[in-house]
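K.L.:
Handing you this structure, nothing more for now.
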Amino acid sequence: MLSIEERWLLESLDKLNDQLKKRETVTRIIDKLNDQLKVSYVVYRREISTLLESLDKLNDQLKSVIDKLKETVTTRNDKFGSIKKKRRLLESLDKLNDQLKVSYDVYRRERRLLESLDKLNDQLKSKFMMSIEERRLLESLDKLNDQLKVSYDVYRREMVTRIIGQIK
């Protein structure tokens, strides 16, 4: 028959063990989410890098076309002095400029998204650091739990010895 203190100690140990199991589950879930975010982040960085390279190539092509158009405008203007030809070249430049604006807007959006992912990654890192602290706390709780078990075993042996001594 267990005393009230012994029952209370056993119930406390059960509660501590339940809390420990819940925290371990939460830690595993956080670790899995962190791994998924890392993979998503790496894929996203690759896509951004590819997009930036494409934008650089498009920008170089646009500069080349603009330079050619300037030469053409100068040559034709000098040769023909035609307003219609100048207008066509300017319209082409406007179209290319519009394409560059659209590309630049896409670049800015992707940049903002990258910054958001960086912030999210920083938040996840801080949560991960918290989970490390929780693990340390859980390890300390495990040690205390083990010490409590040993103390309880010693206490039970002493009580049994006393009871046997009183019976004799």
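For the structure tokens, the naming scheme is as follows: chains receive sequential letters (A, B, ...) according to their order of presentation, residues are indexed from 1 within each chain, and ligands are indexed from 1 in presentation order.
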Mind running stretch 91-155 of chain A against stretch 21-31 of chain A at 10 Å and telling me each contacting residue's nearest atom pair with the distance in Å (one decimal), counting only C-alpha atoms, chain and number ascending, as a tab-separated table?
P.N.:
residue	atom	partner	partner_atom	distance
A:Leu124	CA	A:Ile30	CA	9.0
A:Lys127	CA	A:Ile30	CA	8.3
A:Phe128	CA	A:Ile30	CA	7.4
A:Met130	CA	A:Thr27	CA	9.7
A:Ser131	CA	A:Thr27	CA	6.2
A:Ile132	CA	A:Thr27	CA	8.6
A:Glu134	CA	A:Arg23	CA	7.8
A:Arg135	CA	A:Thr27	CA	7.9
A:Leu138	CA	A:Arg23	CA	7.9
K.L.:
Just the residues within 10 Å of stretch 82-93 of chain A, please, counting only C-alpha atoms, with nothing from its chain fewer than 3 positions along; format it as number ranges by chain.
P.N.:
A: 62, 65-66, 69-70, 72-74, 76-79, 96-99
K.L.:
If I take atom CA of A:Ser103 and atom CA of A:Asp56, how far is one from the other in Å, to one decimal?
P.N.:
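The value is 10.0 Å.
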K.L.:
Looking at A:Arg136, A:Lys125, A:Lys149, A:Lys101, which one is nearest to A:Leu20, with distances taken over only C-alpha atoms?
P.N.:
A:Arg136
K.L.:
Using atom CA of A:Glu53 and atom CA of A:Tyr107 as the two end points, give the distance in Å to one decimal.
P.N.:
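Result for atom CA of A:Glu53 versus atom CA of A:Tyr107: 10.7 Å, one decimal.
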K.L.:
I'd like the contact shell of A:Leu114 - 9 Å cut-off, only C-alpha atoms, skipping same-chain residues fewer than 5 positions apart - returned as number ranges by chain.
P.N.:
A: 41, 44-45, 48, 109, 119
K.L.:
Neighbouring residues of A:Tyr104 were defined as those with any atom within 8 Å, considering only C-alpha atoms; residues of the same chain fewer than 4 positions away were excluded. Please report them as a VMD selection string.
P.N.:
chain A and resid 55 100 108
K.L.:
Go ahead and save the residues from that selection, with N, CA and C atoms, as a PDB file, in the first residue's frame.
P.N.:
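Resulting contents of result-v2.pdb:
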ATOM      1  N   LEU A  55      17.486  37.972 -66.460  1.00  0.00           N
ATOM      2  CA  LEU A  55      17.290  39.424 -66.512  1.00  0.00           C
ATOM      3  C   LEU A  55      18.562  40.134 -66.959  1.00  0.00           C
ATOM      4  N   LEU A 100      11.536  45.976 -70.384  1.00  0.00           N
ATOM      5  CA  LEU A 100      12.510  46.093 -69.304  1.00  0.00           C
ATOM      6  C   LEU A 100      11.819  46.470 -67.995  1.00  0.00           C
ATOM      7  N   ARG A 108      11.973  42.995 -58.835  1.00  0.00           N
ATOM      8  CA  ARG A 108      11.705  43.612 -57.532  1.00  0.00           C
ATOM      9  C   ARG A 108      10.793  42.722 -56.686  1.00  0.00           C
TER      10      ARG A 108
END
K.L.:
So which one's closest to A:Gln19, A:Leu141, A:Leu120, A:Glu71, A:Lys32? Using only C-alpha atoms, please.
P.N.:
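Once distances to A:Gln19 are computed over only C-alpha atoms, the minimum belongs to A:Leu141.
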K.L.:
Excluding A:Asp146 and residues on its chain fewer than 5 positions from it, collect all residues at most 12 Å away from it, counting only C-alpha atoms, and give them as an MDAnalysis selection string.
P.N.:
chainID A and resid 13 16:17 139:141 151:153
K.L.:
Kindly export the residues of the current selection with N, CA and C atoms, as a PDB file, in the first residue's frame.
P.N.:
ATOM      1  N   LEU A  13       5.692  11.986 -11.350  1.00  0.00           N
ATOM      2  CA  LEU A  13       6.598  11.384 -12.334  1.00  0.00           C
ATOM      3  C   LEU A  13       5.862  11.081 -13.629  1.00  0.00           C
ATOM      4  N   LEU A  16       5.337  14.341 -15.471  1.00  0.00           N
ATOM      5  CA  LEU A  16       6.602  14.808 -16.065  1.00  0.00           C
ATOM      6  C   LEU A  16       6.953  13.993 -17.303  1.00  0.00           C
ATOM      7  N   ASN A  17       6.740  12.682 -17.222  1.00  0.00           N
ATOM      8  CA  ASN A  17       7.013  11.834 -18.385  1.00  0.00           C
ATOM      9  C   ASN A  17       6.101  12.197 -19.548  1.00  0.00           C
ATOM     10  N   GLU A 139      16.474  17.315 -21.110  1.00  0.00           N
ATOM     11  CA  GLU A 139      17.552  16.472 -20.600  1.00  0.00           C
ATOM     12  C   GLU A 139      17.728  16.672 -19.096  1.00  0.00           C
ATOM     13  N   SER A 140      17.636  17.927 -18.651  1.00  0.00           N
ATOM     14  CA  SER A 140      17.732  18.198 -17.211  1.00  0.00           C
ATOM     15  C   SER A 140      16.575  17.539 -16.469  1.00  0.00           C
ATOM     16  N   LEU A 141      15.370  17.625 -17.062  1.00  0.00           N
ATOM     17  CA  LEU A 141      14.209  16.974 -16.445  1.00  0.00           C
ATOM     18  C   LEU A 141      14.405  15.459 -16.381  1.00  0.00           C
ATOM     19  N   SER A 151      15.988   8.075  -5.609  1.00  0.00           N
ATOM     20  CA  SER A 151      15.621   8.481  -4.248  1.00  0.00           C
ATOM     21  C   SER A 151      14.381   7.720  -3.782  1.00  0.00           C
ATOM     22  N   TYR A 152      13.434   7.538  -4.684  1.00  0.00           N
ATOM     23  CA  TYR A 152      12.215   6.826  -4.329  1.00  0.00           C
ATOM     24  C   TYR A 152      12.530   5.359  -4.016  1.00  0.00           C
ATOM     25  N   ASP A 153      13.397   4.733  -4.806  1.00  0.00           N
ATOM     26  CA  ASP A 153      13.775   3.339  -4.547  1.00  0.00           C
ATOM     27  C   ASP A 153      14.462   3.212  -3.192  1.00  0.00           C
TER      28      ASP A 153
END
K.L.:
State, in Å with one decimal place, the distance from atom CA of A:Val42 to atom CA of A:Arg111.
P.N.:
14.8 Å
